[in-house]
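The structure under discussion appears below in the form of structure tokens.
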Amino acid sequence: MDKFYRNLFKRSWKISWRYKWLWIFGFFATFLGNGTFYESVIRSFTNMSEGRSIFYTLRQYSSSSLFNVFSWTKLMDILQQDTSAFTLAIFSLLVVFVIFVAFLILAIVSQVGLIKSAVNFDQNKKINFRQAFSAGIEKFWPVLGLNFFMRAVLMGLVLAIALIVSLIAYGSALLASLLYIIAVVLLLVIAIIIYFLIIYSTAYIVLRQKKVFESIKAAWQLFRKNILLNLEIGFIVFIINMLVGVIAVIASVFILSPFILLYLLMVLMSINAGLGILGVIIIILFGSILILTGAWFTTFYVNVWSLLFEELELKGGKSKLFRLYERMRGRKVAKKKA
């Protein structure tokens, strides 16, 4: 990692650590992550690799996911059997829906607030929580539309690839395995591209006042010009993410070790008084540590991508591997001349 990378991560670290109120945004912005979605994608292709068609995968999701909860037939059965239970079920669904919408709104607003704050602080411009939140409200609809559109595109591509593979490979285990590998590689490439397009498109909407499709076009141009650099930064962020996760777990165990030892002693000595309360305290403290760590890391990596966007837009950049190649080539030219 040369000075460009070190400087980028150093500035991002400084902002995320100095302005801890950004962690509030970081906590909610975490919910825009794609981990669950990509897990379901891999699961879909795993089913196909085992000889199951895309229709089996769709049936599996329809019978085991939230589609089951919204089954009109089941709701009608509940209504006929118990009116109070039906009312409670509808009320529960409404509460879940309201919570989902609230978290979605706060996640979008928080992401915008983080991007705006990161660039302002990096440029020594003042911004407070209220101003950052207002910026998030202002850009809520275009950023929401962008996220829905890009995820719909990704989902459409996943279903199209899955359908093609399941139809071609039907009845042939060897062909199914080969197509499965090709499909997964292709899907990962598409997912990576869309991930960067969402990052840079959001930055164009927030920082350059572009519309949704204009931002996607500009984001594609920026990504295409800096593919290797983006992949290098992404890999570094991924490694940092892994390290932060491991460190957070180790730190949690170390901090909570007195409580854990006390809990184990109480269990061995068959002391039940206060055991449940102590267990709840351990869980709350452990969850708090992980939540704070996740909120900080989200703040940090959004800072990284926001500052990188500004660098590439204003000054451009070169990947580390490309610069190493240029140096090696320059040395060879120098040796020939000597």
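Here's how to read the names in the structure tokens: chain A, B, ... by the order shown, residue numbers from 1 in each chain, ligand numbers from 1 in the order shown.
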Query raised in the report: Counting only C-alpha atoms, what is within 9 Å of Trp17 of chain A, bar same-chain residues fewer than 4 positions away, as a list in words?
Result: Ser12, Trp13, Leu22, Trp296 and Phe300 of chain A
Report task. With a distance cut-off of 7 Å and only C-alpha atoms, select the neighbouring residues of segment 113-121 of chain A, excluding the residue or stretch itself and same-chain residues fewer than 4 positions from it, and output the selection as a list in words. Result -> Ile15, Leu22, Phe25, Val109, Lys125, Lys126, Ile127, Ala132, Phe133, Ala135, Gly136, Ala203, Val206, Thr299, Val302, Asn303, Ser306 and Leu307 of chain A
Keeping only C-alpha atoms, write the selected residues as a compact mmCIF listing (two decimals), in the first residue's frame.
```
# COMPACT_ATOMS: atom_id res chain seq x y z
CA ILE A 15 -12.95 11.24 10.27
CA LEU A 22 -21.39 9.58 12.44
CA PHE A 25 -25.56 6.97 10.58
CA VAL A 109 -30.76 8.86 4.84
CA LYS A 125 -15.96 22.22 5.81
CA LYS A 126 -18.27 22.27 8.79
CA ILE A 127 -21.33 20.05 8.91
CA ALA A 132 -26.22 15.75 7.29
CA PHE A 133 -29.67 14.35 8.10
CA ALA A 135 -29.04 16.17 3.07
CA GLY A 136 -30.20 12.57 3.45
CA ALA A 203 -21.92 9.64 -4.72
CA VAL A 206 -25.27 13.30 -3.44
CA THR A 299 -18.79 4.71 8.82
CA VAL A 302 -18.29 4.66 3.46
CA ASN A 303 -15.69 7.33 4.20
CA SER A 306 -16.54 8.72 -0.61
CA LEU A 307 -13.01 10.12 -0.43
```
**Report entry** Among listed residues A:Glu313, A:Pro258, A:Val212, A:Lys318, nearest Ile227 of chain A (using only C-alpha atoms)
**Finding:** A:Lys318
Requested in this report: Name the residues in contact with Pro142 of chain A at a cut-off of 9 Å, using only C-alpha atoms, excluding same-chain residues fewer than 4 positions from it; report them as a count of residues only.
Outcome: 6
Query raised in the report: Smallest atom-to-atom distance to Phe223 of chain A: which of A:Ile289, A:Ile99, A:Leu312, A:Val253, using only C-alpha atoms?
Result: A:Leu312
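Here atom CA of Arg329 of chain A stands at a distance of 22.5 Å from atom CA of Leu231 of chain A.
We find atom CA of Ala191 of chain A and atom CA of Phe103 of chain A to be spaced 23.6 Å apart.
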